[in-house]
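Taking it in order: structure first as structure tokens, then the write-up.
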Amino acid sequence: MWRDADTAIGGNRDNFPSTQLSLIEAAAGEPLALERVAALYWKPVYKFIRYKFVKSNEEAKDLTQGFFASALERDFFQRFDPSKAGFRTYIRLAVERFAATRHQADTRQKRGGGVDPVALDETLDEMAGSAESPEEIFFQEWRRQLFALALDELRAECAASGRHTEWAVFEAYDLADEDRPAYSELARLHGIRESAVTNYLAWARRRLRALVTERLRGVTSGPGELREELRRLWS
Amino acid sequence: MELSDHIVRHLREVVDLPDLSGTRYELREVLGRGGLGVVYAAWDAHLERRVALKVMDAEWAGEARLIARLEHPGIVPVYEAGTLPDGRAFYAMKLVDGTRADRFLAADPPLGERLRVLERIGEALAYAHSCGVLHRDLKPQNIMVGRFGEVYVMDWAVDGVAGTPAFRAPESAVDERSDVYAFGALLAFLLPQGAPTALRAIAAKAMNTRPEERYPGVPAVLREVERFQDGLAVEAYVENPWQRVRRFSRRNEVLLWLLAAYAAIKFLLFFARAI
């Protein structure tokens with residue numbers, strides 16, 4: 001579920017642990033914490049590079065890979081100062097610097113060739129109709145990925161605890177990409193009362209909110225930044 | 001499968017909604033989002049009236065009760081505080097029918113009215129400080145001016161809230177003087193173009209970057225504003241002799257006119273006798 005061929009290079013999310021680790025642990029080089037950060041930020045970074053620097057799918061993947069490898073090598077997490085900016089902004093600015101340097105080097109190598117015309121066509125096609133800036137796309141992808149990761153956890157949790165009907169009701173209603181089924185229809189389909197549909201949805205939403213909050217807690221520097229990210233996420 | 005924009009939008013709409021099942025409240029609409037939580041308009045089914053419901057993370061349950069204890073005409077009365085079925089803390093309060101201070105200024109009210117609003121805010125703030133509660137996020141958006149002139153200080157924050165940059169004191173250790181800073185910033189915000197220098201000086205002193213150079217508390221700022229309104233010199237601004245004379249003449253305008261009239265009559269009588 002929620003596989004994206006473009007960014008599958010980020011790793012199999014099912015392998016990521018459910019225990020939350022903080023940025024402090026990431027700074028200390030704790031691999032699980034670093035994986036958490038990469039799981040959440042891989043796709044936003046990839047999209048940001050693609051749109052900001054007009055890169056092809058492969059080029060953007062390489063740059064994203066390069067960014068995370070370089071971040072690990074160059075004490076990226078240790079240099080994060082929460083008094084200057086939130087972690088999300090810190091990553092975006094770092095990606096921008098990293099990709100800009102590589103982009104300039106590539107441009108020099110191509111001796112004035114500048115942007116790859118194939119990449120430009122591909123990316124421009126994707127960008128057609130999108131009025132958002134690369135920065136806004138970065139935020140939107142970050143938010144989408146945050147939900148996707150929390151949903152993976154919720155699905156795994158439901159499977160492990162035998163809450164199959166709860167998940168099925170939630171998936172059918174809240175994850176419907178088109179028309180949502182009526183509560184009565186869901187009740188009939190699963191042989192439960194309509195009030196149970198309401199309760200199952202309330203439970204799943206509550207759990208999802210808690211999982212999203214926990215995810216965010218692991219990639220923010222403290223309560224202040226967490227609150228600010230939550231406010232931005234829900235507003 | 002990718003999460004479409006449509007699904008993300010829906011999740012954002014439904015996942016953060018408070019679970020009010022089993023409570024007396026029915027959710028209506030979102031009124032605003034602050035640093036601490038979200039304020040909703042809700043319907044109190046027991047008393048059949050609209051209320052404002054502030055919903056916060058569970059960790060703020062104690063703070064919600066603390067805010068609920070504040071009783072002052074300038075602080076929105078809290079009807080009930082507790083925990084929702086989803087574990088989040090909430091408090092229900094009066095739904096104020098009025099205008100936010102920033103919008104209130106759009107009507108360009110006279111200086112006297114602006115200072116009256118400031119005084120009401122200061123009184124509420126001073127009361128809260130006397131109860132050991134800081135506001136921490138005082139700004140025009142958190143002030144409500146009611147239809148009948150009542151003024152409410154809203155959205156009392158709690159420990160750990162950073163405040164809003166233009167109204168936030170620079171120091172990291174927050175105390176009453178940090179609220180004094182925000183109060184000074186609010187005074188500066190409320191003043192119209194071309195406001196008297198003495199009032200601007202009061203705001204500047206309250207907003208001194210060094211806390212020890214500010215007024216010791218909100219009542220001291222209020223006293224200064226009162227002195228200005230009474231035509232007296234204020235501590236924050238050293239006048240030159242000409243300004244002193246002008247202020248004296250403004251304050252004693254009637255007396256000076258009487259003296260002038262007396263002198264004029266004496267003068268006329270003197271000449272009348274001489275003739």
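Naming works like this for the structure tokens: A, B, ... for the chains as they're shown, residue 1 at the start of each chain, ligands 1 onward in shown order.
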Considering only C-alpha atoms, tabulate each residue of chain B that lies at most 6 Å from chain A along with its nearest interatomic pair and the corresponding distance in Å to one decimal; arrange the rows by chain and ascending residue number and present them as JSON lines.
```
{"residue": "B:Met1", "atom": "CA", "partner": "A:Trp2", "partner_atom": "CA", "distance": 3.8}
{"residue": "B:Glu2", "atom": "CA", "partner": "A:Trp2", "partner_atom": "CA", "distance": 4.5}
{"residue": "B:Ile7", "atom": "CA", "partner": "A:Leu175", "partner_atom": "CA", "distance": 5.8}
{"residue": "B:Arg12", "atom": "CA", "partner": "A:Trp234", "partner_atom": "CA", "distance": 5.7}
{"residue": "B:Val15", "atom": "CA", "partner": "A:Arg205", "partner_atom": "CA", "distance": 4.9}
```
Could you name the residues that touch Lys52 (chain A) at 9 Å or less, counting only C-alpha atoms, but leaving out those on the same chain fewer than 2 positions away, as a PyMOL selection string? chain A and resi 47-50+54-55+96+133-135
Output file for the residues above (N, CA and C atoms, as a JSON list (two decimals), in the first residue's frame):
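What ended up in result_11.json:
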```
[["chain", "number", "residue", "atom", "x", "y", "z"],
["A", 47, "LYS", "N", 11.11, 15.48, -4.26],
["A", 47, "LYS", "CA", 10.19, 16.35, -5.01],
["A", 47, "LYS", "C", 10.72, 17.78, -5.08],
["A", 48, "PHE", "N", 11.26, 18.22, -3.97],
["A", 48, "PHE", "CA", 11.79, 19.59, -3.90],
["A", 48, "PHE", "C", 12.92, 19.76, -4.92],
["A", 49, "ILE", "N", 13.83, 18.80, -4.93],
["A", 49, "ILE", "CA", 14.96, 18.87, -5.88],
["A", 49, "ILE", "C", 14.43, 18.84, -7.31],
["A", 50, "ARG", "N", 13.48, 17.97, -7.53],
["A", 50, "ARG", "CA", 12.95, 17.80, -8.89],
["A", 50, "ARG", "C", 12.32, 19.10, -9.40],
["A", 54, "VAL", "N", 14.61, 21.44, -11.60],
["A", 54, "VAL", "CA", 14.15, 20.84, -12.86],
["A", 54, "VAL", "C", 15.02, 19.63, -13.24],
["A", 55, "LYS", "N", 14.96, 18.61, -12.41],
["A", 55, "LYS", "CA", 15.77, 17.41, -12.62],
["A", 55, "LYS", "C", 14.87, 16.25, -13.07],
["A", 96, "GLU", "N", 18.54, 22.60, -0.32],
["A", 96, "GLU", "CA", 18.65, 23.64, -1.34],
["A", 96, "GLU", "C", 20.13, 23.96, -1.61],
["A", 133, "SER", "N", 4.81, 26.73, -5.11],
["A", 133, "SER", "CA", 6.26, 26.90, -5.18],
["A", 133, "SER", "C", 6.92, 25.58, -4.76],
["A", 134, "PRO", "N", 8.20, 25.37, -5.09],
["A", 134, "PRO", "CA", 8.89, 24.15, -4.64],
["A", 134, "PRO", "C", 8.85, 24.02, -3.11],
["A", 135, "GLU", "N", 8.91, 25.17, -2.41],
["A", 135, "GLU", "CA", 8.87, 25.14, -0.94],
["A", 135, "GLU", "C", 7.53, 24.60, -0.46]]
```
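Among the candidate residues A:Arg92, A:Thr165, A:Glu58, A:Thr64, the one lying nearest to Glu136 (chain A) is A:Arg92, with distances computed using only C-alpha atoms.
Candidate residues A:Val45, A:Ser221, A:Trp167, A:Asp62 were compared for distance to Ser83 (chain A), and the nearest is A:Ser221, using only C-alpha atoms.
Neighbours of Leu31 (chain B) closer than or equal to 9 Å, with only C-alpha atoms counted and sequence neighbours fewer than 2 positions away skipped, come out as Glu29, Arg33, Val38, Val39, Tyr40, Ala41 and Ala52 of chain B.
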Restricting the calculation to only C-alpha atoms, which member of B:Asp86, B:Glu253, B:Glu71, B:Glu212 is positioned closest to Val55 (chain B)? B:Asp86
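Across the structure, CA of Ala198 (chain B) and CA of Phe167 (chain B) are spaced 20.3 Å apart.
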Check the DSSP output for the backbone and give back, as number ranges by chain, the residues of region 165-245 of chain B in helix (DSSP H, G or I). B: 165-167, 176-190, 197-206, 211-213, 218-229, 241-245
